[in-house]
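Next comes final08.pdb, a file with PDB, C-alpha atoms.
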ATOM      1  CA  MET A1424     130.012  38.297  90.228
ATOM      2  CA  THR A1425     126.672  38.463  88.434
ATOM      3  CA  SER A1426     125.957  36.586  85.242
ATOM      4  CA  GLN A1427     125.374  38.540  82.067
ATOM      5  CA  PRO A1428     121.695  38.824  81.065
ATOM      6  CA  VAL A1429     120.527  36.723  78.138
ATOM      7  CA  VAL A1430     119.495  39.012  75.274
ATOM      8  CA  VAL A1431     117.565  37.629  72.307
ATOM      9  CA  ALA A1432     116.677  39.689  69.243
ATOM     10  CA  VAL A1433     113.407  39.085  67.406
ATOM     11  CA  VAL A1434     113.141  40.070  63.736
ATOM     12  CA  VAL A1435     109.977  39.622  61.669
ATOM     13  CA  THR A1436     110.368  39.576  57.896
ATOM     14  CA  TYR A1437     108.197  39.343  54.800
ATOM     15  CA  ASN A1438     109.470  39.621  51.216
ATOM     16  CA  ARG A1439     112.281  42.060  51.994
ATOM     17  CA  ARG A1440     115.371  39.880  51.738
ATOM     18  CA  GLU A1441     117.786  42.708  50.995
ATOM     19  CA  LEU A1442     116.519  44.819  53.878
ATOM     20  CA  LEU A1443     116.686  41.766  56.146
ATOM     21  CA  GLN A1444     120.356  41.355  55.211
ATOM     22  CA  THR A1445     120.923  44.963  56.290
ATOM     23  CA  THR A1446     119.117  44.313  59.573
ATOM     24  CA  LEU A1447     121.207  41.244  60.368
ATOM     25  CA  ALA A1448     124.411  43.036  59.401
ATOM     26  CA  GLY A1449     123.468  45.876  61.759
ATOM     27  CA  ILE A1450     122.849  43.447  64.612
ATOM     28  CA  ALA A1451     126.105  41.598  63.937
ATOM     29  CA  GLY A1452     128.063  44.854  63.775
ATOM     30  CA  GLY A1453     127.006  45.994  67.219
ATOM     31  CA  THR A1454     129.360  46.669  70.108
ATOM     32  CA  MET A1455     127.179  44.107  71.870
ATOM     33  CA  VAL A1456     125.683  41.154  70.006
ATOM     34  CA  PRO A1457     122.601  39.293  71.260
ATOM     35  CA  ASP A1458     122.925  35.704  72.399
ATOM     36  CA  ALA A1459     120.511  34.622  69.663
ATOM     37  CA  VAL A1460     118.348  36.101  66.919
ATOM     38  CA  VAL A1461     114.889  34.657  66.347
ATOM     39  CA  ILE A1462     113.851  35.369  62.759
ATOM     40  CA  VAL A1463     110.203  34.846  61.871
ATOM     41  CA  ASP A1464     109.681  34.520  58.111
ATOM     42  CA  ASN A1465     106.066  35.330  57.273
ATOM     43  CA  ALA A1466     105.818  32.973  54.264
ATOM     44  CA  SER A1467     108.089  35.105  52.063
ATOM     45  CA  THR A1468     108.207  34.329  48.344
ATOM     46  CA  ASP A1469     111.279  36.377  47.376
ATOM     47  CA  GLY A1470     114.030  33.935  48.297
ATOM     48  CA  THR A1471     114.171  34.917  51.961
ATOM     49  CA  ALA A1472     113.719  31.308  53.103
ATOM     50  CA  ALA A1473     116.623  30.094  50.958
ATOM     51  CA  TYR A1474     118.825  32.945  52.178
ATOM     52  CA  LEU A1475     118.089  32.098  55.802
ATOM     53  CA  ARG A1476     118.747  28.382  55.231
ATOM     54  CA  THR A1477     122.221  29.188  53.947
ATOM     55  CA  TYR A1478     122.995  32.093  56.289
ATOM     56  CA  ALA A1479     126.636  31.811  57.311
ATOM     57  CA  GLY A1480     127.067  35.036  59.242
ATOM     58  CA  PRO A1481     128.319  35.412  62.798
ATOM     59  CA  LEU A1482     124.898  35.493  64.476
ATOM     60  CA  LYS A1483     123.301  32.530  66.198
ATOM     61  CA  THR A1484     119.967  32.371  64.408
ATOM     62  CA  ASP A1485     116.741  30.523  65.146
ATOM     63  CA  VAL A1486     114.560  30.681  62.042
ATOM     64  CA  VAL A1487     110.813  30.094  62.186
ATOM     65  CA  THR A1488     109.256  29.782  58.735
ATOM     66  CA  LEU A1489     105.480  30.179  58.735
ATOM     67  CA  ASN A1490     103.244  28.859  55.948
ATOM     68  CA  THR A1491     100.969  31.903  56.062
ATOM     69  CA  ASN A1492     101.625  35.621  56.360
ATOM     70  CA  VAL A1493     100.220  36.612  59.752
ATOM     71  CA  GLY A1494     101.569  40.147  59.575
ATOM     72  CA  GLY A1495     104.037  41.861  61.827
ATOM     73  CA  ALA A1496     101.736  41.376  64.821
ATOM     74  CA  GLY A1497     101.481  37.615  64.383
ATOM     75  CA  GLY A1498     105.185  37.352  63.679
ATOM     76  CA  PHE A1499     106.092  39.160  66.890
ATOM     77  CA  VAL A1500     103.761  36.900  68.861
ATOM     78  CA  VAL A1501     105.645  33.860  67.540
ATOM     79  CA  GLY A1502     109.107  35.380  67.928
ATOM     80  CA  MET A1503     108.606  36.741  71.423
ATOM     81  CA  GLU A1504     107.132  33.453  72.618
ATOM     82  CA  ARG A1505     110.139  31.578  71.252
ATOM     83  CA  ALA A1506     112.622  34.055  72.748
ATOM     84  CA  VAL A1507     111.143  33.666  76.214
ATOM     85  CA  LEU A1508     110.348  29.950  76.251
ATOM     86  CA  ASP A1509     113.106  28.425  74.114
ATOM     87  CA  HIS A1510     115.953  30.873  74.742
ATOM     88  CA  HIS A1511     115.033  31.974  78.286
ATOM     89  CA  ALA A1512     115.625  35.612  77.428
ATOM     90  CA  ASP A1513     116.112  38.184  80.162
ATOM     91  CA  HIS A1514     115.685  40.886  77.527
ATOM     92  CA  VAL A1515     113.999  40.660  74.111
ATOM     93  CA  TRP A1516     115.176  43.140  71.472
ATOM     94  CA  ILE A1517     112.400  43.653  68.903
ATOM     95  CA  MET A1518     112.556  45.004  65.362
ATOM     96  CA  ASP A1519     111.119  44.754  61.848
ATOM     97  CA  ASP A1520     113.132  43.757  58.792
ATOM     98  CA  ASP A1521     113.492  47.394  57.712
ATOM     99  CA  THR A1522     115.359  48.309  60.910
ATOM    100  CA  GLU A1523     119.105  48.885  60.866
ATOM    101  CA  PRO A1524     120.427  49.145  64.412
ATOM    102  CA  GLN A1525     123.507  51.296  64.748
ATOM    103  CA  PRO A1526     126.604  49.851  66.476
ATOM    104  CA  GLY A1527     125.774  51.008  69.992
ATOM    105  CA  ALA A1528     122.019  50.408  69.835
ATOM    106  CA  LEU A1529     121.798  47.286  71.988
ATOM    107  CA  ARG A1530     124.618  48.124  74.397
ATOM    108  CA  GLU A1531     123.243  51.605  75.107
ATOM    109  CA  ALA A1532     119.672  50.345  75.595
ATOM    110  CA  LEU A1533     120.827  47.697  78.055
ATOM    111  CA  ASP A1534     123.082  50.176  79.865
ATOM    112  CA  THR A1535     120.131  52.556  80.194
ATOM    113  CA  SER A1536     117.953  49.817  81.653
ATOM    114  CA  GLU A1537     120.611  48.831  84.184
ATOM    115  CA  ALA A1538     121.432  52.441  85.098
ATOM    116  CA  TYR A1539     117.758  53.214  85.767
ATOM    117  CA  GLU A1540     117.482  50.178  88.004
ATOM    118  CA  GLN A1541     120.525  51.358  89.942
ATOM    119  CA  GLU A1542     118.977  54.829  90.266
ATOM    120  CA  THR A1543     115.521  53.707  91.387
ATOM    121  CA  GLY A1544     115.778  50.106  92.531
ATOM    122  CA  SER A1545     113.284  49.074  89.828
ATOM    123  CA  ALA A1546     114.064  48.102  86.229
ATOM    124  CA  PRO A1547     112.084  49.776  83.419
ATOM    125  CA  ALA A1548     109.620  47.650  81.481
ATOM    126  CA  PHE A1549     111.385  48.539  78.231
ATOM    127  CA  VAL A1550     113.868  50.922  76.661
ATOM    128  CA  ALA A1551     113.203  52.321  73.189
ATOM    129  CA  SER A1552     115.906  53.503  70.815
ATOM    130  CA  ARG A1553     115.875  56.798  68.981
ATOM    131  CA  VAL A1554     114.618  55.972  65.484
ATOM    132  CA  VAL A1555     115.863  57.960  62.496
ATOM    133  CA  TRP A1556     115.216  57.833  58.769
ATOM    134  CA  THR A1557     117.937  57.132  56.235
ATOM    135  CA  ASP A1558     119.075  60.783  56.268
ATOM    136  CA  GLY A1559     119.389  60.974  60.052
ATOM    137  CA  ARG A1560     116.197  62.895  60.784
ATOM    138  CA  ASP A1561     113.982  61.650  63.614
ATOM    139  CA  HIS A1562     111.404  59.396  61.982
ATOM    140  CA  PRO A1563     107.843  60.697  62.562
ATOM    141  CA  MET A1564     106.444  57.163  62.451
ATOM    142  CA  ASN A1565     108.493  56.187  65.506
ATOM    143  CA  ARG A1566     108.676  59.376  67.542
ATOM    144  CA  MET A1567     108.224  58.709  71.278
ATOM    145  CA  ARG A1568     106.593  61.465  73.293
ATOM    146  CA  PRO A1569     107.266  62.156  76.990
ATOM    147  CA  ARG A1570     104.868  60.464  79.374
ATOM    148  CA  ILE A1571     102.020  62.740  80.439
ATOM    149  CA  GLY A1572     101.650  62.771  84.199
ATOM    150  CA  ALA A1573     105.050  61.276  84.992
ATOM    151  CA  GLY A1574     106.096  62.355  88.488
ATOM    152  CA  GLU A1575     109.011  64.667  89.091
ATOM    153  CA  ALA A1576     111.034  61.914  90.766
ATOM    154  CA  ALA A1577     110.555  59.582  87.791
ATOM    155  CA  ARG A1578     111.403  62.289  85.258
ATOM    156  CA  SER A1579     114.495  63.308  87.203
ATOM    157  CA  ALA A1580     115.708  59.716  87.567
ATOM    158  CA  ALA A1581     115.397  59.216  83.823
ATOM    159  CA  ALA A1582     117.050  62.543  83.027
ATOM    160  CA  ARG A1583     120.061  61.720  85.212
ATOM    161  CA  ILE A1584     120.870  58.768  82.955
ATOM    162  CA  GLY A1585     120.087  60.609  79.710
ATOM    163  CA  ALA A1586     116.648  59.081  79.177
ATOM    164  CA  THR A1587     113.019  60.186  78.992
ATOM    165  CA  GLN A1588     109.925  58.652  80.550
ATOM    166  CA  ILE A1589     107.562  57.513  77.758
ATOM    167  CA  ARG A1590     104.210  55.754  77.545
ATOM    168  CA  SER A1591     104.510  53.674  74.362
ATOM    169  CA  ALA A1592     107.002  52.768  71.643
ATOM    170  CA  SER A1593     107.149  51.229  68.197
ATOM    171  CA  PHE A1594     108.548  47.770  67.516
ATOM    172  CA  VAL A1595     111.609  49.330  65.887
ATOM    173  CA  SER A1596     114.510  48.592  68.238
ATOM    174  CA  VAL A1597     112.813  48.339  71.617
ATOM    175  CA  LEU A1598     114.403  46.304  74.432
ATOM    176  CA  LEU A1599     111.721  44.546  76.502
ATOM    177  CA  ARG A1600     112.404  42.735  79.734
ATOM    178  CA  GLY A1601     111.553  39.049  79.464
ATOM    179  CA  ALA A1602     109.849  39.258  82.848
ATOM    180  CA  GLU A1603     107.335  41.725  81.393
ATOM    181  CA  ILE A1604     106.434  39.316  78.600
ATOM    182  CA  ARG A1605     105.940  36.548  81.136
ATOM    183  CA  LYS A1606     103.790  38.890  83.223
ATOM    184  CA  HIS A1607     101.676  40.550  80.541
ATOM    185  CA  GLY A1608     101.620  37.895  77.850
ATOM    186  CA  LEU A1609     102.083  38.536  74.137
ATOM    187  CA  PRO A1610     100.902  41.114  71.587
ATOM    188  CA  ILE A1611      97.594  40.581  69.791
ATOM    189  CA  ALA A1612      98.167  38.709  66.528
ATOM    190  CA  ASP A1613      94.853  39.744  64.952
ATOM    191  CA  TYR A1614      96.095  43.339  64.607
ATOM    192  CA  PHE A1615      98.125  42.047  61.616
ATOM    193  CA  ILE A1616      99.940  45.364  61.045
ATOM    194  CA  TRP A1617      99.995  48.707  62.841
ATOM    195  CA  ASN A1618      99.182  49.628  66.429
ATOM    196  CA  ASP A1619     100.013  46.198  67.833
ATOM    197  CA  ASP A1620     103.132  47.856  69.255
ATOM    198  CA  LEU A1621     101.113  50.785  70.648
ATOM    199  CA  GLU A1622      98.703  48.445  72.414
ATOM    200  CA  TYR A1623     101.388  46.139  73.752
ATOM    201  CA  THR A1624     103.899  48.694  74.997
ATOM    202  CA  ALA A1625     101.126  50.807  76.543
ATOM    203  CA  ARG A1626      99.749  47.678  78.215
ATOM    204  CA  VAL A1627     103.155  46.825  79.657
ATOM    205  CA  SER A1628     103.964  50.368  80.780
ATOM    206  CA  ARG A1629     100.587  51.372  82.210
ATOM    207  CA  SER A1630     101.798  50.867  85.771
ATOM    208  CA  GLU A1631     105.557  50.668  85.183
ATOM    209  CA  ALA A1632     108.323  52.920  83.949
ATOM    210  CA  ALA A1633     109.339  52.894  80.286
ATOM    211  CA  LEU A1634     112.201  54.844  78.769
ATOM    212  CA  ALA A1635     113.544  56.251  75.518
ATOM    213  CA  THR A1636     117.194  57.105  75.061
ATOM    214  CA  ASN A1637     118.962  59.014  72.302
ATOM    215  CA  ALA A1638     122.156  57.087  73.002
ATOM    216  CA  SER A1639     120.676  54.018  71.301
ATOM    217  CA  VAL A1640     119.945  54.647  67.627
ATOM    218  CA  ALA A1641     118.316  52.637  64.841
ATOM    219  CA  ASN A1642     117.625  53.556  61.223
ATOM    220  CA  HIS A1643     114.161  52.830  59.864
ATOM    221  CA  HIS A1644     114.343  52.167  56.129
ATOM    222  CA  THR A1645     110.799  53.096  55.102
ATOM    223  CA  LYS A1646     110.185  54.115  51.488
ATOM    224  CA  VAL A1647     109.000  57.595  52.444
ATOM    225  CA  PHE A1648     109.609  59.979  55.314
ATOM    226  CA  GLY A1649     106.303  60.197  57.140
ATOM    227  CA  ASP A1650     103.945  58.635  59.641
ATOM    228  CA  ALA A1651     100.867  56.445  59.167
ATOM    229  CA  GLY A1652      99.068  59.501  57.799
ATOM    230  CA  ALA A1653     101.300  59.670  54.712
ATOM    231  CA  ASP A1654      98.524  58.415  52.375
ATOM    232  CA  PRO A1655      98.583  54.772  53.512
ATOM    233  CA  GLY A1656      96.195  53.478  50.831
ATOM    234  CA  PRO A1657      94.303  50.258  51.665
ATOM    235  CA  ARG A1658      96.347  49.818  54.839
ATOM    236  CA  PHE A1659      94.361  52.707  56.318
ATOM    237  CA  TYR A1660      91.811  50.041  57.244
ATOM    238  CA  TYR A1661      94.236  48.558  59.785
ATOM    239  CA  GLU A1662      95.068  51.986  61.212
ATOM    240  CA  VAL A1663      91.377  52.654  61.910
ATOM    241  CA  ARG A1664      90.269  49.178  63.008
ATOM    242  CA  ASN A1665      93.236  48.633  65.279
ATOM    243  CA  LYS A1666      92.995  52.046  66.942
ATOM    244  CA  ILE A1667      89.324  51.310  67.672
ATOM    245  CA  TRP A1668      90.439  48.029  69.236
ATOM    246  CA  VAL A1669      93.009  49.840  71.393
ATOM    247  CA  TYR A1670      90.457  52.400  72.574
ATOM    248  CA  THR A1671      87.526  50.057  73.166
ATOM    249  CA  ARG A1672      88.884  46.537  73.765
ATOM    250  CA  SER A1673      92.211  46.992  75.511
ATOM    251  CA  LYS A1674      93.101  47.933  79.080
ATOM    252  CA  ALA A1675      96.399  49.397  77.902
ATOM    253  CA  LEU A1676      95.233  52.995  78.265
ATOM    254  CA  ALA A1677      93.575  54.741  81.171
ATOM    255  CA  PRO A1678      90.102  56.237  80.454
ATOM    256  CA  TRP A1679      91.480  59.773  80.204
ATOM    257  CA  GLU A1680      94.172  58.571  77.815
ATOM    258  CA  LYS A1681      91.561  56.905  75.607
ATOM    259  CA  ILE A1682      89.671  60.195  75.342
ATOM    260  CA  LEU A1683      92.849  62.103  74.537
ATOM    261  CA  PHE A1684      94.117  59.532  72.026
ATOM    262  CA  THR A1685      90.732  59.179  70.326
ATOM    263  CA  GLY A1686      90.552  62.925  69.726
ATOM    264  CA  ALA A1687      94.047  62.919  68.261
ATOM    265  CA  SER A1688      93.225  59.954  66.005
ATOM    266  CA  VAL A1689      90.044  61.537  64.646
ATOM    267  CA  ARG A1690      91.988  64.705  63.855
ATOM    268  CA  ASN A1691      94.780  62.748  62.135
ATOM    269  CA  TRP A1692      92.349  60.602  60.135
ATOM    270  CA  THR A1693      90.556  63.716  58.928
ATOM    271  CA  ARG A1694      93.830  65.264  57.799
ATOM    272  CA  THR A1695      94.935  62.045  56.107
ATOM    273  CA  VAL A1696      91.729  61.733  54.073
ATOM    274  CA  ALA A1697      91.678  65.445  53.202
ATOM    275  CA  ALA A1698      95.275  65.369  51.931
ATOM    276  CA  SER A1699      94.931  62.137  49.956
ATOM    277  CA  GLY A1700      94.789  61.948  46.197
ATOM    278  CA  ASN A1701      92.786  58.738  46.483
ATOM    279  CA  ARG A1702      90.076  59.564  49.001
ATOM    280  CA  LYS A1703      87.774  56.814  47.788
ATOM    281  CA  VAL A1704      90.188  54.119  48.988
ATOM    282  CA  LEU A1705      90.753  55.830  52.334
ATOM    283  CA  LEU A1706      87.054  56.454  52.946
ATOM    284  CA  LYS A1707      86.369  52.787  52.275
ATOM    285  CA  GLY A1708      89.126  51.830  54.739
ATOM    286  CA  LEU A1709      87.765  54.299  57.284
ATOM    287  CA  PHE A1710      84.210  52.981  57.079
ATOM    288  CA  THR A1711      85.178  49.305  57.055
ATOM    289  CA  GLY A1712      87.716  49.822  59.833
ATOM    290  CA  LEU A1713      85.119  51.535  62.025
ATOM    291  CA  VAL A1714      82.622  48.708  61.477
ATOM    292  CA  HIS A1715      85.130  45.906  62.061
ATOM    293  CA  GLY A1716      86.636  47.761  65.016
ATOM    294  CA  PHE A1717      83.570  47.029  67.076
ATOM    295  CA  ARG A1718      84.105  43.286  66.681
ATOM    296  CA  PRO A1719      86.605  41.919  69.208
ATOM    297  CA  PRO A1720      89.984  40.687  67.916
ATOM    298  CA  ARG A1721      90.362  36.928  67.767
ATOM    299  CA  ALA A1722      92.445  35.076  70.332
ATOM    300  CA  ASN A1723      96.061  34.461  69.289
ATOM    301  CA  GLU A1724      95.448  30.720  69.274
ATOM    302  CA  ASP A1725      92.649  31.155  66.730
ATOM    303  CA  VAL A1726      94.713  33.412  64.469
ATOM    304  CA  LEU A1727      97.655  31.006  64.488
ATOM    305  CA  ARG A1728      95.733  27.726  64.385
ATOM    306  CA  GLY A1729      97.283  25.463  61.737
ATOM    307  CA  ILE A1730     100.187  27.892  61.363
ATOM    308  CA  TYR A1731     102.050  27.777  64.659
ATOM    309  CA  ALA A1732     101.384  25.870  67.889
ATOM    310  CA  LEU A1733     101.345  28.691  70.405
ATOM    311  CA  ARG A1734     102.384  27.899  73.983
ATOM    312  CA  GLU A1735     101.551  29.572  77.291
ATOM    313  CA  VAL A1736     104.057  32.295  78.120
ATOM    314  CA  ARG A1737     102.701  33.403  81.486
ATOM    315  CA  GLY A1738     103.242  31.258  84.551
ATOM    316  CA  PRO A1739     100.255  30.082  86.673
ATOM    317  CA  ALA A1740     100.780  32.871  89.192
ATOM    318  CA  MET A1741     100.792  35.494  86.459
ATOM    319  CA  ARG A1742      97.607  34.568  84.634
ATOM    320  CA  PRO A1743      94.633  36.887  85.049
TER     321      PRO A1743
END
Render the structure in this file as structure tokens.
Amino acid sequence: MTSQPVVVAVVVTYNRRELLQTTLAGIAGGTMVPDAVVIVDNASTDGTAAYLRTYAGPLKTDVVTLNTNVGGAGGFVVGMERAVLDHHADHVWIMDDDTEPQPGALREALDTSEAYEQETGSAPAFVASRVVWTDGRDHPMNRMRPRIGAGEAARSAAARIGATQIRSASFVSVLLRGAEIRKHGLPIADYFIWNDDLEYTARVSRSEAALATNASVANHHTKVFGDAGADPGPRFYYEVRNKIWVYTRSKALAPWEKILFTGASVRNWTRTVAASGNRKVLLKGLFTGLVHGFRPPRANEDVLRGIYALREVRGPAMRP
């Protein structure tokens, strides 16, 4: 007999108490429930902290309340570190507070991971759920595209278990192996919001298989149906700066991928600005993001200094 893997969910929240309640209810209502849920509260001011202190639901929760909002990126750094070091997770199930996993989301993702390992002898780095909006349509913000250049054997192995080889995924219901976190380290906290998931999942999957499966489903409760190009306002700064960081500072993408992705980003940014009713704000974000993008992101320890005492996730043999 083999022991069941330890699965720990990580949820990052900021001032969305009602959505967080929906997220936790979705996790608790699953056909498989994680062994623990690490909830990182990014200094919420809407009563989230009080709600979490008095939470009496069925989930085993580990709440980390930060005194400063370090964004989704910083929150995932803290939560993933805690899942691996304090809860010894074999798998870490990651999501924002506007994610509502459907009943089979975790079970199907784990089954897909185990089935692929049985097919190939090697476990995938992560398995991403199908992400839909509130009306059931595939959400354009979280659409995973097939991996370019995946070999026929890899594609066929994935297809046999109802999955697709992918290159990156969003942090909306993605099941990461704990061993990958110990090997590759943590996301980059200085991204704050947006593209931290692109950089991290692409970094992890550059030389390893990663999968998406339609059998695992999560709802993404965004206000509008659209991607980052849906007139993001001042947040456009993070879209531009962080993409520049991915393309110039990270080893997540191969050189040919950087060229391909850069071209796609320039095209999307142009369309976003052209379609906006507030071009002045977006042009300011574009210019400032381009300038700041050529400064390197700060180390996680610097971003979290005085907020959270970050520990080393990677073992001595796994450090670069």
*Could you please determine the separation between CA of Thr1535 (chain A) and CA of Phe1549 (chain A) in Å, to one decimal place?*
9.8 Å
*Excluding region 1487-1494 of chain A and residues on its chain fewer than 2 positions from it, collect all residues at most 7 Å away from it, counting only C-alpha atoms, and give them as a PyMOL selection string.*
chain A and resi 1462-1466+1485+1496-1498+1615-1616+1730
Same residues, C-alpha atoms, saved as a PDB file, in the coordinates of the input:
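Written out: out-v1.pdb:
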ATOM      1  CA  ILE A1462     113.851  35.369  62.759  1.00  0.00           C
ATOM      2  CA  VAL A1463     110.203  34.846  61.871  1.00  0.00           C
ATOM      3  CA  ASP A1464     109.681  34.520  58.111  1.00  0.00           C
ATOM      4  CA  ASN A1465     106.066  35.330  57.273  1.00  0.00           C
ATOM      5  CA  ALA A1466     105.818  32.973  54.264  1.00  0.00           C
ATOM      6  CA  ASP A1485     116.741  30.523  65.146  1.00  0.00           C
ATOM      7  CA  ALA A1496     101.736  41.376  64.821  1.00  0.00           C
ATOM      8  CA  GLY A1497     101.481  37.615  64.383  1.00  0.00           C
ATOM      9  CA  GLY A1498     105.185  37.352  63.679  1.00  0.00           C
ATOM     10  CA  PHE A1615      98.125  42.047  61.616  1.00  0.00           C
ATOM     11  CA  ILE A1616      99.940  45.364  61.045  1.00  0.00           C
ATOM     12  CA  ILE A1730     100.187  27.892  61.363  1.00  0.00           C
TER      13      ILE A1730
END
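Distance check against Pro1563 (chain A) using only C-alpha atoms: of A:Ala1538, A:Thr1445, A:Arg1626, A:His1643, the minimum falls on A:His1643.
On the file presented, the PyMOL selection byres ((chain A and resi 1707) around 12) picks out A:Gly1656, A:Pro1657, A:Arg1658, A:Phe1659, A:Tyr1660, A:Tyr1661, A:Val1663, A:Arg1664, A:Val1696, A:Asn1701, A:Arg1702, A:Lys1703, A:Val1704, A:Leu1705, A:Leu1706, A:Gly1708, A:Leu1709, A:Phe1710, A:Thr1711, A:Gly1712, A:Leu1713, A:Val1714.
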Can you build me a table of region 1656-1722 of chain A residues sitting at most 12 Å from region 1594-1613 of chain A, with the closest atom pair per residue and its distance in Å to one decimal, using all atoms listed in the file, sorted by chain and residue number, as a tab-separated table?
residue	atom	partner	partner_atom	distance
A:Tyr1661	CA	A:Asp1613	CA	10.2
A:Arg1664	CA	A:Asp1613	CA	10.7
A:Asn1665	CA	A:Asp1613	CA	9.0
A:Trp1668	CA	A:Asp1613	CA	10.3
A:Val1669	CA	A:Ile1611	CA	10.5
A:Arg1672	CA	A:Ile1611	CA	11.3
A:Ser1673	CA	A:Ile1611	CA	10.1
A:Lys1674	CA	A:His1607	CA	11.4
A:Ala1675	CA	A:His1607	CA	10.6
A:His1715	CA	A:Asp1613	CA	11.9
A:Gly1716	CA	A:Asp1613	CA	11.5
A:Arg1718	CA	A:Asp1613	CA	11.4
A:Pro1719	CA	A:Asp1613	CA	9.5
A:Pro1720	CA	A:Asp1613	CA	5.8
A:Arg1721	CA	A:Asp1613	CA	6.0
A:Ala1722	CA	A:Asp1613	CA	7.5
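Shortest atom-to-atom contact with Ala1548 (chain A) among A:Arg1476, A:Asp1725, A:Val1460, A:Ala1625: A:Ala1625, counting only C-alpha atoms.
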*asked:* Could you check which residues have any atom within 12 Å of (113.1, 51.8, 56.4), counting only C-alpha atoms with coordinates taken straight from the file, and then list them as a PyMOL selection string?
replied: chain A and resi 1439+1441-1443+1445-1446+1518-1524+1554-1559+1562+1564-1565+1595+1641-1650
As a CSV table (one decimal), in the frame of the given file, could you write out region 1620-1633 of chain A once it has been completed with N, CA and C atoms?
chain,number,residue,atom,x,y,z
A,1620,ASP,N,102.1,47.4,68.4
A,1620,ASP,CA,103.1,47.9,69.3
A,1620,ASP,C,102.6,48.9,70.2
A,1621,LEU,N,101.7,49.8,69.8
A,1621,LEU,CA,101.1,50.8,70.6
A,1621,LEU,C,100.4,50.1,71.8
A,1622,GLU,N,99.5,49.1,71.4
A,1622,GLU,CA,98.7,48.4,72.4
A,1622,GLU,C,99.6,47.7,73.4
A,1623,TYR,N,100.6,47.0,72.9
A,1623,TYR,CA,101.4,46.1,73.8
A,1623,TYR,C,102.3,47.0,74.7
A,1624,THR,N,103.0,47.9,74.1
A,1624,THR,CA,103.9,48.7,75.0
A,1624,THR,C,103.1,49.6,76.0
A,1625,ALA,N,102.0,50.1,75.6
A,1625,ALA,CA,101.1,50.8,76.5
A,1625,ALA,C,100.6,49.9,77.6
A,1626,ARG,N,100.2,48.7,77.2
A,1626,ARG,CA,99.7,47.7,78.2
A,1626,ARG,C,100.8,47.4,79.3
A,1627,VAL,N,102.0,47.2,78.8
A,1627,VAL,CA,103.2,46.8,79.7
A,1627,VAL,C,103.5,48.0,80.6
A,1628,SER,N,103.5,49.2,80.0
A,1628,SER,CA,104.0,50.4,80.8
A,1628,SER,C,102.9,51.1,81.6
A,1629,ARG,N,101.6,50.6,81.5
A,1629,ARG,CA,100.6,51.4,82.2
A,1629,ARG,C,100.9,51.7,83.7
A,1630,SER,N,101.5,50.7,84.4
A,1630,SER,CA,101.8,50.9,85.8
A,1630,SER,C,103.3,50.8,86.1
A,1631,GLU,N,104.1,50.8,85.0
A,1631,GLU,CA,105.6,50.7,85.2
A,1631,GLU,C,106.3,51.7,84.3
A,1632,ALA,N,107.5,52.0,84.7
A,1632,ALA,CA,108.3,52.9,83.9
A,1632,ALA,C,108.7,52.4,82.6
A,1633,ALA,N,108.8,53.2,81.6
A,1633,ALA,CA,109.3,52.9,80.3
A,1633,ALA,C,110.2,54.1,79.8
